[in-house]
file start_11.pdb (PDB, N, CA and C atoms)
ATOM      1  N   MET A  27      -8.798 -24.822 -17.502
ATOM      2  CA  MET A  27      -7.561 -25.328 -16.943
ATOM      3  C   MET A  27      -7.863 -25.912 -15.562
ATOM      4  N   PRO A  28      -7.487 -27.157 -15.303
ATOM      5  CA  PRO A  28      -7.757 -27.756 -13.998
ATOM      6  C   PRO A  28      -6.898 -27.108 -12.910
ATOM      7  N   ALA A  29      -7.449 -27.074 -11.715
ATOM      8  CA  ALA A  29      -6.741 -26.470 -10.584
ATOM      9  C   ALA A  29      -5.577 -27.349 -10.153
ATOM     10  N   ILE A  30      -4.451 -26.719  -9.859
ATOM     11  CA  ILE A  30      -3.289 -27.434  -9.338
ATOM     12  C   ILE A  30      -3.416 -27.584  -7.826
ATOM     13  N   LEU A  31      -4.006 -26.585  -7.211
ATOM     14  CA  LEU A  31      -4.143 -26.557  -5.756
ATOM     15  C   LEU A  31      -5.420 -25.806  -5.423
ATOM     16  N   GLU A  32      -6.179 -26.332  -4.502
ATOM     17  CA  GLU A  32      -7.357 -25.630  -3.999
ATOM     18  C   GLU A  32      -7.239 -25.539  -2.488
ATOM     19  N   ALA A  33      -7.644 -24.408  -1.940
ATOM     20  CA  ALA A  33      -7.607 -24.206  -0.492
ATOM     21  C   ALA A  33      -8.731 -23.256  -0.138
ATOM     22  N   GLN A  34      -9.188 -23.341   1.091
ATOM     23  CA  GLN A  34     -10.260 -22.472   1.565
ATOM     24  C   GLN A  34      -9.815 -21.711   2.804
ATOM     25  N   SER A  35     -10.428 -20.548   2.995
ATOM     26  CA  SER A  35     -10.276 -19.817   4.240
ATOM     27  C   SER A  35     -11.586 -19.074   4.471
ATOM     28  N   SER A  36     -11.797 -18.627   5.674
ATOM     29  CA  SER A  36     -13.031 -17.932   6.040
ATOM     30  C   SER A  36     -12.744 -16.465   6.315
ATOM     31  N   LEU A  37     -13.767 -15.635   6.157
ATOM     32  CA  LEU A  37     -13.665 -14.223   6.495
ATOM     33  C   LEU A  37     -14.083 -14.015   7.941
ATOM     34  N   THR A  38     -13.350 -13.144   8.620
ATOM     35  CA  THR A  38     -13.718 -12.780   9.986
ATOM     36  C   THR A  38     -14.789 -11.694   9.933
ATOM     37  N   GLU A  39     -15.226 -11.239  11.094
ATOM     38  CA  GLU A  39     -16.193 -10.151  11.170
ATOM     39  C   GLU A  39     -15.643  -8.870  10.533
ATOM     40  N   ARG A  40     -14.326  -8.737  10.520
ATOM     41  CA  ARG A  40     -13.674  -7.544   9.942
ATOM     42  C   ARG A  40     -13.216  -7.792   8.516
ATOM     43  N   TYR A  41     -13.740  -8.832   7.868
ATOM     44  CA  TYR A  41     -13.409  -9.187   6.485
ATOM     45  C   TYR A  41     -11.940  -9.541   6.295
ATOM     46  N   GLN A  42     -11.317 -10.067   7.322
ATOM     47  CA  GLN A  42      -9.943 -10.521   7.234
ATOM     48  C   GLN A  42      -9.945 -12.034   7.071
ATOM     49  N   THR A  43      -8.857 -12.556   6.536
ATOM     50  CA  THR A  43      -8.725 -13.995   6.370
ATOM     51  C   THR A  43      -7.275 -14.392   6.567
ATOM     52  N   THR A  44      -7.052 -15.662   6.814
ATOM     53  CA  THR A  44      -5.705 -16.209   6.883
ATOM     54  C   THR A  44      -5.441 -16.935   5.576
ATOM     55  N   VAL A  45      -4.322 -16.601   4.952
ATOM     56  CA  VAL A  45      -3.958 -17.297   3.719
ATOM     57  C   VAL A  45      -3.472 -18.690   4.113
ATOM     58  N   PRO A  46      -4.101 -19.733   3.567
ATOM     59  CA  PRO A  46      -3.712 -21.099   3.948
ATOM     60  C   PRO A  46      -2.224 -21.362   3.697
ATOM     61  N   GLU A  47      -1.638 -22.186   4.550
ATOM     62  CA  GLU A  47      -0.203 -22.474   4.467
ATOM     63  C   GLU A  47       0.208 -22.958   3.083
ATOM     64  N   SER A  48      -0.593 -23.820   2.475
ATOM     65  CA  SER A  48      -0.229 -24.355   1.156
ATOM     66  C   SER A  48      -0.144 -23.236   0.111
ATOM     67  N   VAL A  49      -1.008 -22.229   0.224
ATOM     68  CA  VAL A  49      -0.982 -21.095  -0.710
ATOM     69  C   VAL A  49       0.218 -20.211  -0.404
ATOM     70  N   ARG A  50       0.480 -19.961   0.885
ATOM     71  CA  ARG A  50       1.650 -19.142   1.253
ATOM     72  C   ARG A  50       2.938 -19.753   0.731
ATOM     73  N   ARG A  51       3.055 -21.085   0.868
ATOM     74  CA  ARG A  51       4.281 -21.753   0.380
ATOM     75  C   ARG A  51       4.381 -21.651  -1.128
ATOM     76  N   ARG A  52       3.276 -21.899  -1.816
ATOM     77  CA  ARG A  52       3.284 -21.893  -3.283
ATOM     78  C   ARG A  52       3.648 -20.505  -3.832
ATOM     79  N   LEU A  53       3.130 -19.446  -3.166
ATOM     80  CA  LEU A  53       3.406 -18.084  -3.616
ATOM     81  C   LEU A  53       4.657 -17.482  -2.975
ATOM     82  N   LYS A  54       5.300 -18.274  -2.102
ATOM     83  CA  LYS A  54       6.499 -17.799  -1.392
ATOM     84  C   LYS A  54       6.210 -16.502  -0.646
ATOM     85  N   LEU A  55       5.102 -16.504   0.100
ATOM     86  CA  LEU A  55       4.704 -15.324   0.866
ATOM     87  C   LEU A  55       5.319 -15.363   2.255
ATOM     88  N   GLY A  56       5.782 -14.232   2.695
ATOM     89  CA  GLY A  56       6.286 -14.084   4.047
ATOM     90  C   GLY A  56       5.494 -13.007   4.766
ATOM     91  N   LYS A  57       5.781 -12.836   6.029
ATOM     92  CA  LYS A  57       5.107 -11.796   6.794
ATOM     93  C   LYS A  57       5.358 -10.441   6.151
ATOM     94  N   ARG A  58       4.321  -9.633   6.088
ATOM     95  CA  ARG A  58       4.343  -8.269   5.534
ATOM     96  C   ARG A  58       4.388  -8.229   4.011
ATOM     97  N   ASP A  59       4.444  -9.391   3.325
ATOM     98  CA  ASP A  59       4.374  -9.377   1.869
ATOM     99  C   ASP A  59       2.990  -8.909   1.439
ATOM    100  N   LYS A  60       2.919  -8.362   0.264
ATOM    101  CA  LYS A  60       1.660  -7.869  -0.287
ATOM    102  C   LYS A  60       1.074  -8.920  -1.227
ATOM    103  N   ILE A  61      -0.255  -8.955  -1.280
ATOM    104  CA  ILE A  61      -0.979  -9.885  -2.145
ATOM    105  C   ILE A  61      -1.716  -9.069  -3.187
ATOM    106  N   LEU A  62      -1.666  -9.524  -4.424
ATOM    107  CA  LEU A  62      -2.353  -8.868  -5.534
ATOM    108  C   LEU A  62      -3.566  -9.707  -5.917
ATOM    109  N   TYR A  63      -4.740  -9.089  -5.985
ATOM    110  CA  TYR A  63      -5.960  -9.757  -6.426
ATOM    111  C   TYR A  63      -6.284  -9.259  -7.820
ATOM    112  N   THR A  64      -6.414 -10.168  -8.769
ATOM    113  CA  THR A  64      -6.783  -9.826 -10.128
ATOM    114  C   THR A  64      -8.142 -10.444 -10.411
ATOM    115  N   ILE A  65      -9.121  -9.610 -10.736
ATOM    116  CA  ILE A  65     -10.461 -10.108 -11.024
ATOM    117  C   ILE A  65     -10.623 -10.142 -12.541
ATOM    118  N   ARG A  66     -10.877 -11.331 -13.046
ATOM    119  CA  ARG A  66     -11.035 -11.525 -14.489
ATOM    120  C   ARG A  66     -12.471 -11.227 -14.900
ATOM    121  N   PRO A  67     -12.668 -10.958 -16.196
ATOM    122  CA  PRO A  67     -14.024 -10.632 -16.673
ATOM    123  C   PRO A  67     -15.069 -11.705 -16.357
ATOM    124  N   ASP A  68     -14.659 -12.968 -16.282
ATOM    125  CA  ASP A  68     -15.619 -14.041 -15.996
ATOM    126  C   ASP A  68     -15.919 -14.168 -14.496
ATOM    127  N   GLY A  69     -15.301 -13.307 -13.659
ATOM    128  CA  GLY A  69     -15.559 -13.326 -12.229
ATOM    129  C   GLY A  69     -14.529 -14.104 -11.433
ATOM    130  N   ASP A  70     -13.667 -14.868 -12.095
ATOM    131  CA  ASP A  70     -12.613 -15.585 -11.381
ATOM    132  C   ASP A  70     -11.637 -14.577 -10.781
ATOM    133  N   VAL A  71     -11.128 -14.922  -9.626
ATOM    134  CA  VAL A  71     -10.153 -14.070  -8.949
ATOM    135  C   VAL A  71      -8.834 -14.823  -8.868
ATOM    136  N   VAL A  72      -7.781 -14.174  -9.309
ATOM    137  CA  VAL A  72      -6.444 -14.754  -9.247
ATOM    138  C   VAL A  72      -5.685 -14.046  -8.134
ATOM    139  N   LEU A  73      -5.149 -14.822  -7.230
ATOM    140  CA  LEU A  73      -4.385 -14.297  -6.109
ATOM    141  C   LEU A  73      -2.913 -14.556  -6.411
ATOM    142  N   SER A  74      -2.091 -13.525  -6.317
ATOM    143  CA  SER A  74      -0.659 -13.704  -6.577
ATOM    144  C   SER A  74       0.137 -12.828  -5.622
ATOM    145  N   ARG A  75       1.410 -13.108  -5.576
ATOM    146  CA  ARG A  75       2.312 -12.318  -4.730
ATOM    147  C   ARG A  75       2.585 -11.006  -5.455
ATOM    148  N   ALA A  76       2.314  -9.897  -4.801
ATOM    149  CA  ALA A  76       2.580  -8.588  -5.396
ATOM    150  C   ALA A  76       4.070  -8.309  -5.306
ATOM    151  N   LEU A  77       4.644  -7.956  -6.418
ATOM    152  CA  LEU A  77       6.062  -7.637  -6.446
ATOM    153  C   LEU A  77       6.240  -6.161  -6.145
ATOM    154  N   PRO A  78       7.198  -5.825  -5.300
ATOM    155  CA  PRO A  78       7.406  -4.405  -4.994
ATOM    156  C   PRO A  78       7.904  -3.672  -6.230
ATOM    157  N   ALA A  79       7.424  -2.468  -6.393
ATOM    158  CA  ALA A  79       7.890  -1.643  -7.502
ATOM    159  C   ALA A  79       9.371  -1.351  -7.295
ATOM    160  N   GLU A  80      10.117  -1.349  -8.376
ATOM    161  CA  GLU A  80      11.565  -1.128  -8.266
ATOM    162  C   GLU A  80      11.888   0.246  -7.718
ATOM    163  N   ASP A  81      11.001   1.205  -7.999
ATOM    164  CA  ASP A  81      11.273   2.560  -7.533
ATOM    165  C   ASP A  81      10.636   2.843  -6.180
ATOM    166  N   GLN A  82      10.139   1.815  -5.524
ATOM    167  CA  GLN A  82       9.486   1.976  -4.235
ATOM    168  C   GLN A  82      10.532   1.978  -3.118
ATOM    169  N   ASP A  83      10.439   2.950  -2.259
ATOM    170  CA  ASP A  83      11.366   3.081  -1.142
ATOM    171  C   ASP A  83      10.850   2.246   0.031
ATOM    172  N   PRO A  84      11.587   1.195   0.458
ATOM    173  CA  PRO A  84      11.085   0.336   1.537
ATOM    174  C   PRO A  84      10.938   1.075   2.869
ATOM    175  N   ILE A  85      11.779   2.057   3.122
ATOM    176  CA  ILE A  85      11.686   2.815   4.373
ATOM    177  C   ILE A  85      10.433   3.690   4.354
ATOM    178  N   LEU A  86      10.161   4.311   3.209
ATOM    179  CA  LEU A  86       8.961   5.130   3.095
ATOM    180  C   LEU A  86       7.717   4.256   3.285
ATOM    181  N   GLY A  87       7.721   3.065   2.712
ATOM    182  CA  GLY A  87       6.599   2.147   2.877
ATOM    183  C   GLY A  87       6.369   1.792   4.334
ATOM    184  N   GLN A  88       7.438   1.534   5.060
ATOM    185  CA  GLN A  88       7.320   1.227   6.488
ATOM    186  C   GLN A  88       6.786   2.427   7.266
ATOM    187  N   PHE A  89       7.245   3.609   6.895
ATOM    188  CA  PHE A  89       6.769   4.823   7.565
ATOM    189  C   PHE A  89       5.282   5.045   7.301
ATOM    190  N   LEU A  90       4.869   4.852   6.047
ATOM    191  CA  LEU A  90       3.449   5.013   5.721
ATOM    192  C   LEU A  90       2.596   3.966   6.429
ATOM    193  N   ASP A  91       3.098   2.742   6.555
ATOM    194  CA  ASP A  91       2.396   1.711   7.322
ATOM    195  C   ASP A  91       2.259   2.145   8.783
ATOM    196  N   PHE A  92       3.332   2.706   9.341
ATOM    197  CA  PHE A  92       3.300   3.206  10.720
ATOM    198  C   PHE A  92       2.236   4.290  10.875
ATOM    199  N   LEU A  93       2.206   5.242   9.929
ATOM    200  CA  LEU A  93       1.212   6.313  10.002
ATOM    201  C   LEU A  93      -0.206   5.758   9.926
ATOM    202  N   ALA A  94      -0.431   4.798   9.035
ATOM    203  CA  ALA A  94      -1.766   4.207   8.895
ATOM    204  C   ALA A  94      -2.191   3.518  10.187
ATOM    205  N   ARG A  95      -1.267   2.775  10.795
ATOM    206  CA  ARG A  95      -1.582   2.108  12.070
ATOM    207  C   ARG A  95      -1.867   3.140  13.166
ATOM    208  N   ASP A  96      -1.043   4.193  13.218
ATOM    209  CA  ASP A  96      -1.217   5.215  14.242
ATOM    210  C   ASP A  96      -2.558   5.932  14.080
ATOM    211  N   MET A  97      -2.939   6.228  12.844
ATOM    212  CA  MET A  97      -4.229   6.892  12.618
ATOM    213  C   MET A  97      -5.387   5.972  13.008
ATOM    214  N   ALA A  98      -5.253   4.680  12.712
ATOM    215  CA  ALA A  98      -6.308   3.736  13.071
ATOM    216  C   ALA A  98      -6.404   3.561  14.583
ATOM    217  N   ASN A  99      -5.260   3.544  15.259
ATOM    218  CA  ASN A  99      -5.236   3.322  16.706
ATOM    219  C   ASN A  99      -5.500   4.586  17.521
ATOM    220  N   ASN A 100      -5.259   5.753  16.927
ATOM    221  CA  ASN A 100      -5.398   7.015  17.660
ATOM    222  C   ASN A 100      -6.165   8.060  16.850
ATOM    223  N   PRO A 101      -7.395   7.767  16.467
ATOM    224  CA  PRO A 101      -8.139   8.730  15.636
ATOM    225  C   PRO A 101      -8.375  10.065  16.340
ATOM    226  N   GLN A 102      -8.283  10.083  17.658
ATOM    227  CA  GLN A 102      -8.481  11.326  18.400
ATOM    228  C   GLN A 102      -7.378  12.341  18.111
ATOM    229  N   HIS A 103      -6.249  11.904  17.575
ATOM    230  CA  HIS A 103      -5.147  12.820  17.266
ATOM    231  C   HIS A 103      -5.307  13.500  15.902
ATOM    232  N   LEU A 104      -6.218  13.000  15.087
ATOM    233  CA  LEU A 104      -6.414  13.574  13.754
ATOM    234  C   LEU A 104      -7.158  14.899  13.856
ATOM    235  N   GLN A 105      -6.682  15.874  13.085
ATOM    236  CA  GLN A 105      -7.319  17.186  13.079
ATOM    237  C   GLN A 105      -7.452  17.659  11.646
ATOM    238  N   PRO A 106      -8.547  18.331  11.338
ATOM    239  CA  PRO A 106      -8.692  18.849   9.965
ATOM    240  C   PRO A 106      -7.724  20.016   9.748
ATOM    241  N   LEU A 107      -7.334  20.211   8.508
ATOM    242  CA  LEU A 107      -6.485  21.351   8.168
ATOM    243  C   LEU A 107      -7.381  22.574   8.028
ATOM    244  N   ASP A 108      -7.008  23.644   8.717
ATOM    245  CA  ASP A 108      -7.828  24.848   8.609
ATOM    246  C   ASP A 108      -7.341  25.713   7.454
ATOM    247  N   GLU A 109      -8.154  26.663   7.082
ATOM    248  CA  GLU A 109      -7.870  27.526   5.933
ATOM    249  C   GLU A 109      -6.599  28.339   6.143
ATOM    250  N   LYS A 110      -6.332  28.762   7.377
ATOM    251  CA  LYS A 110      -5.121  29.544   7.686
ATOM    252  C   LYS A 110      -3.869  28.724   7.359
ATOM    253  N   TRP A 111      -3.876  27.456   7.736
ATOM    254  CA  TRP A 111      -2.734  26.570   7.452
ATOM    255  C   TRP A 111      -2.564  26.391   5.940
ATOM    256  N   LEU A 112      -3.667  26.169   5.245
ATOM    257  CA  LEU A 112      -3.598  26.004   3.790
ATOM    258  C   LEU A 112      -3.079  27.278   3.113
ATOM    259  N   ASP A 113      -3.500  28.438   3.588
ATOM    260  CA  ASP A 113      -2.998  29.702   3.033
ATOM    261  C   ASP A 113      -1.490  29.824   3.232
ATOM    262  N   ARG A 114      -1.001  29.407   4.372
ATOM    263  CA  ARG A 114       0.448  29.452   4.669
ATOM    264  C   ARG A 114       1.215  28.546   3.709
ATOM    265  N   VAL A 115       0.696  27.328   3.473
ATOM    266  CA  VAL A 115       1.342  26.402   2.537
ATOM    267  C   VAL A 115       1.340  26.990   1.126
ATOM    268  N   ARG A 116       0.228  27.558   0.723
ATOM    269  CA  ARG A 116       0.149  28.185  -0.609
ATOM    270  C   ARG A 116       1.170  29.320  -0.744
ATOM    271  N   ALA A 117       1.309  30.136   0.293
ATOM    272  CA  ALA A 117       2.257  31.249   0.257
ATOM    273  C   ALA A 117       3.696  30.741   0.163
ATOM    274  N   LEU A 118       4.001  29.676   0.889
ATOM    275  CA  LEU A 118       5.364  29.125   0.873
ATOM    276  C   LEU A 118       5.715  28.468  -0.454
ATOM    277  N   THR A 119       4.718  27.963  -1.157
ATOM    278  CA  THR A 119       4.992  27.226  -2.400
ATOM    279  C   THR A 119       4.633  28.014  -3.657
ATOM    280  N   GLU A 120       4.227  29.254  -3.485
ATOM    281  CA  GLU A 120       3.855  30.066  -4.647
ATOM    282  C   GLU A 120       5.040  30.226  -5.594
ATOM    283  N   GLY A 121       4.810  29.974  -6.849
ATOM    284  CA  GLY A 121       5.858  30.116  -7.858
ATOM    285  C   GLY A 121       6.810  28.942  -7.945
ATOM    286  N   VAL A 122       6.665  27.951  -7.101
ATOM    287  CA  VAL A 122       7.538  26.781  -7.131
ATOM    288  C   VAL A 122       6.945  25.767  -8.096
ATOM    289  N   GLU A 123       7.734  25.379  -9.084
ATOM    290  CA  GLU A 123       7.288  24.374 -10.034
ATOM    291  C   GLU A 123       8.002  23.067  -9.740
ATOM    292  N   VAL A 124       7.252  21.983  -9.737
ATOM    293  CA  VAL A 124       7.803  20.668  -9.444
ATOM    294  C   VAL A 124       7.421  19.721 -10.564
ATOM    295  N   GLU A 125       8.415  19.042 -11.115
ATOM    296  CA  GLU A 125       8.179  18.009 -12.116
ATOM    297  C   GLU A 125       8.400  16.681 -11.407
ATOM    298  N   LEU A 126       7.308  15.996 -11.077
ATOM    299  CA  LEU A 126       7.392  14.781 -10.274
ATOM    300  C   LEU A 126       8.081  13.630 -10.983
ATOM    301  N   ASN A 127       8.161  13.657 -12.295
ATOM    302  CA  ASN A 127       8.778  12.560 -13.036
ATOM    303  C   ASN A 127      10.262  12.755 -13.288
ATOM    304  N   THR A 128      10.811  13.890 -12.872
ATOM    305  CA  THR A 128      12.236  14.153 -13.055
ATOM    306  C   THR A 128      13.002  13.497 -11.912
ATOM    307  N   PRO A 129      13.985  12.627 -12.257
ATOM    308  CA  PRO A 129      14.761  11.976 -11.182
ATOM    309  C   PRO A 129      15.626  12.991 -10.445
ATOM    310  N   LEU A 130      15.813  12.756  -9.170
ATOM    311  CA  LEU A 130      16.701  13.579  -8.360
ATOM    312  C   LEU A 130      18.127  13.155  -8.619
ATOM    313  N   SER A 131      19.046  14.086  -8.599
ATOM    314  CA  SER A 131      20.447  13.720  -8.759
ATOM    315  C   SER A 131      21.296  14.555  -7.816
ATOM    316  N   ALA A 132      22.471  14.062  -7.488
ATOM    317  CA  ALA A 132      23.391  14.760  -6.597
ATOM    318  C   ALA A 132      23.910  16.034  -7.270
ATOM    319  N   GLU A 133      23.881  16.079  -8.602
ATOM    320  CA  GLU A 133      24.385  17.232  -9.335
ATOM    321  C   GLU A 133      23.537  18.468  -9.114
ATOM    322  N   ASP A 134      22.264  18.284  -8.722
ATOM    323  CA  ASP A 134      21.361  19.398  -8.531
ATOM    324  C   ASP A 134      21.607  20.125  -7.214
ATOM    325  N   GLU A 135      22.431  19.575  -6.368
ATOM    326  CA  GLU A 135      22.655  20.167  -5.042
ATOM    327  C   GLU A 135      23.533  21.380  -5.101
TER     328      GLU A 135
END

call {"tool": "encode", "arguments": {"input": "start_11.pdb", "output": "structure tokens"}}
result
Amino acid sequence: MPAILEAQSSLTERYQTTVPESVRRRLKLGKRDKILYTIRPDGDVVLSRALPAEDQDPILGQFLDFLARDMANNPQHLQPLDEKWLDRVRALTEGVEVELNTPLSAEDE
């Protein structure tokens, strides 16, 4: 299949790149949008706009992004979990069964 559009970009020292404007327009990408890379068996790579999962919480995603940035910017604040802390968590959750695939409902309150 002939290419409809071709564009190039370069990798920085940190393996980052800028998505060319023509590609951003074609994929309707905006700031903070996610990109999906699909690698085909023949080695071709297809770049597409990643669609957010319907069950994905946008606030949780923003919070997780914040945590990732904070950990990258402040690694000195990271501390390993000690065995005493893990024992406390185990004691608090002993006997608690959680079914992660069961939807939450207001009726359970």

call {"tool": "residues_around", "arguments": {"input": "start_11.pdb", "residues": "Lys60 of chain A", "least_positions_apart": "6", "cutoff": "6 Å", "atoms": "only N, CA and C atoms", "output": "count of residues only"}}
result
3

call {"tool": "atom_distance", "arguments": {"input": "start_11.pdb", "atom1": "atom CA of Pro129 of chain A", "atom2": "atom N of Asp83 of chain A"}}
result
13.4 Å

call {"tool": "atom_distance", "arguments": {"input": "start_11.pdb", "atom1": "atom C of Leu31 of chain A", "atom2": "atom N of Arg51 of chain A"}}
result
11.6 Å

call {"tool": "axis_aligned_box", "arguments": {"input": "start_11.pdb", "around": "segment 112-116 of chain A", "padding_each_side": "8 Å", "output": "lines of an AutoDock Vina configuration file"}}
result
center_x = -1.2
center_y = 27.9
center_z = 2.3
size_x = 21.0
size_y = 19.8
size_z = 22.0

call {"tool": "closest_residue", "arguments": {"input": "start_11.pdb", "among": "A:Asp108, A:Asp70, A:Asp91, A:Glu32", "to": "Val49 of chain A", "atoms": "all atoms listed in the file"}}
result
A:Glu32

call {"tool": "decode", "arguments": {"input": "start_11.pdb", "residues": "segment 68-96 of chain A", "atoms": "N, CA and C atoms", "output": "mmCIF file, in the first residue's frame"}}
result
data_model
loop_
_atom_site.group_PDB
_atom_site.id
_atom_site.type_symbol
_atom_site.label_atom_id
_atom_site.label_comp_id
_atom_site.auth_asym_id
_atom_site.auth_seq_id
_atom_site.Cartn_x
_atom_site.Cartn_y
_atom_site.Cartn_z
ATOM 1 N N ASP A 68 6.320 -7.924 10.044
ATOM 2 C CA ASP A 68 7.336 -7.601 9.035
ATOM 3 C C ASP A 68 8.270 -6.472 9.493
ATOM 4 N N GLY A 69 8.061 -5.945 10.719
ATOM 5 C CA GLY A 69 8.924 -4.903 11.250
ATOM 6 C C GLY A 69 8.372 -3.502 11.070
ATOM 7 N N ASP A 70 7.328 -3.335 10.265
ATOM 8 C CA ASP A 70 6.717 -2.017 10.109
ATOM 9 C C ASP A 70 6.079 -1.600 11.431
ATOM 10 N N VAL A 71 6.141 -0.319 11.694
ATOM 11 C CA VAL A 71 5.541 0.230 12.908
ATOM 12 C C VAL A 71 4.414 1.167 12.504
ATOM 13 N N VAL A 72 3.258 0.951 13.086
ATOM 14 C CA VAL A 72 2.101 1.803 12.830
ATOM 15 C C VAL A 72 1.892 2.676 14.059
ATOM 16 N N LEU A 73 1.831 3.962 13.838
ATOM 17 C CA LEU A 73 1.626 4.926 14.908
ATOM 18 C C LEU A 73 0.178 5.399 14.812
ATOM 19 N N SER A 74 -0.546 5.341 15.916
ATOM 20 C CA SER A 74 -1.940 5.794 15.902
ATOM 21 C C SER A 74 -2.257 6.481 17.221
ATOM 22 N N ARG A 75 -3.371 7.159 17.216
ATOM 23 C CA ARG A 75 -3.828 7.841 18.433
ATOM 24 C C ARG A 75 -4.429 6.783 19.350
ATOM 25 N N ALA A 76 -3.929 6.693 20.563
ATOM 26 C CA ALA A 76 -4.465 5.737 21.530
ATOM 27 C C ALA A 76 -5.770 6.286 22.080
ATOM 28 N N LEU A 77 -6.785 5.474 22.035
ATOM 29 C CA LEU A 77 -8.079 5.882 22.558
ATOM 30 C C LEU A 77 -8.146 5.527 24.032
ATOM 31 N N PRO A 78 -8.642 6.437 24.853
ATOM 32 C CA PRO A 78 -8.733 6.123 26.283
ATOM 33 C C PRO A 78 -9.745 5.011 26.512
ATOM 34 N N ALA A 79 -9.419 4.144 27.433
ATOM 35 C CA ALA A 79 -10.348 3.078 27.790
ATOM 36 C C ALA A 79 -11.593 3.711 28.399
ATOM 37 N N GLU A 80 -12.739 3.152 28.083
ATOM 38 C CA GLU A 80 -13.997 3.726 28.583
ATOM 39 C C GLU A 80 -14.082 3.673 30.093
ATOM 40 N N ASP A 81 -13.436 2.658 30.674
ATOM 41 C CA ASP A 81 -13.512 2.527 32.125
ATOM 42 C C ASP A 81 -12.352 3.218 32.828
ATOM 43 N N GLN A 82 -11.589 4.002 32.095
ATOM 44 C CA GLN A 82 -10.438 4.690 32.660
ATOM 45 C C GLN A 82 -10.884 6.001 33.311
ATOM 46 N N ASP A 83 -10.449 6.208 34.519
ATOM 47 C CA ASP A 83 -10.792 7.412 35.265
ATOM 48 C C ASP A 83 -9.789 8.514 34.915
ATOM 49 N N PRO A 84 -10.232 9.626 34.286
ATOM 50 C CA PRO A 84 -9.283 10.668 33.880
ATOM 51 C C PRO A 84 -8.584 11.334 35.067
ATOM 52 N N ILE A 85 -9.254 11.433 36.197
ATOM 53 C CA ILE A 85 -8.639 12.049 37.377
ATOM 54 C C ILE A 85 -7.548 11.132 37.928
ATOM 55 N N LEU A 86 -7.826 9.831 37.957
ATOM 56 C CA LEU A 86 -6.822 8.885 38.428
ATOM 57 C C LEU A 86 -5.598 8.927 37.507
ATOM 58 N N GLY A 87 -5.822 9.010 36.207
ATOM 59 C CA GLY A 87 -4.717 9.101 35.258
ATOM 60 C C GLY A 87 -3.859 10.327 35.507
ATOM 61 N N GLN A 88 -4.490 11.454 35.768
ATOM 62 C CA GLN A 88 -3.747 12.680 36.067
ATOM 63 C C GLN A 88 -2.958 12.541 37.366
ATOM 64 N N PHE A 89 -3.565 11.898 38.347
ATOM 65 C CA PHE A 89 -2.876 11.691 39.625
ATOM 66 C C PHE A 89 -1.664 10.779 39.450
ATOM 67 N N LEU A 90 -1.841 9.702 38.683
ATOM 68 C CA LEU A 90 -0.716 8.795 38.440
ATOM 69 C C LEU A 90 0.390 9.486 37.649
ATOM 70 N N ASP A 91 0.029 10.341 36.699
ATOM 71 C CA ASP A 91 1.026 11.132 35.973
ATOM 72 C C ASP A 91 1.780 12.043 36.943
ATOM 73 N N PHE A 92 1.049 12.668 37.866
ATOM 74 C CA PHE A 92 1.672 13.526 38.880
ATOM 75 C C PHE A 92 2.665 12.729 39.723
ATOM 76 N N LEU A 93 2.249 11.535 40.173
ATOM 77 C CA LEU A 93 3.143 10.709 40.983
ATOM 78 C C LEU A 93 4.396 10.324 40.206
ATOM 79 N N ALA A 94 4.232 9.958 38.939
ATOM 80 C CA ALA A 94 5.384 9.572 38.117
ATOM 81 C C ALA A 94 6.354 10.739 37.964
ATOM 82 N N ARG A 95 5.814 11.932 37.718
ATOM 83 C CA ARG A 95 6.677 13.119 37.597
ATOM 84 C C ARG A 95 7.387 13.410 38.923
ATOM 85 N N ASP A 96 6.642 13.310 40.030
ATOM 86 C CA ASP A 96 7.222 13.593 41.337
ATOM 87 C C ASP A 96 8.333 12.597 41.671
#
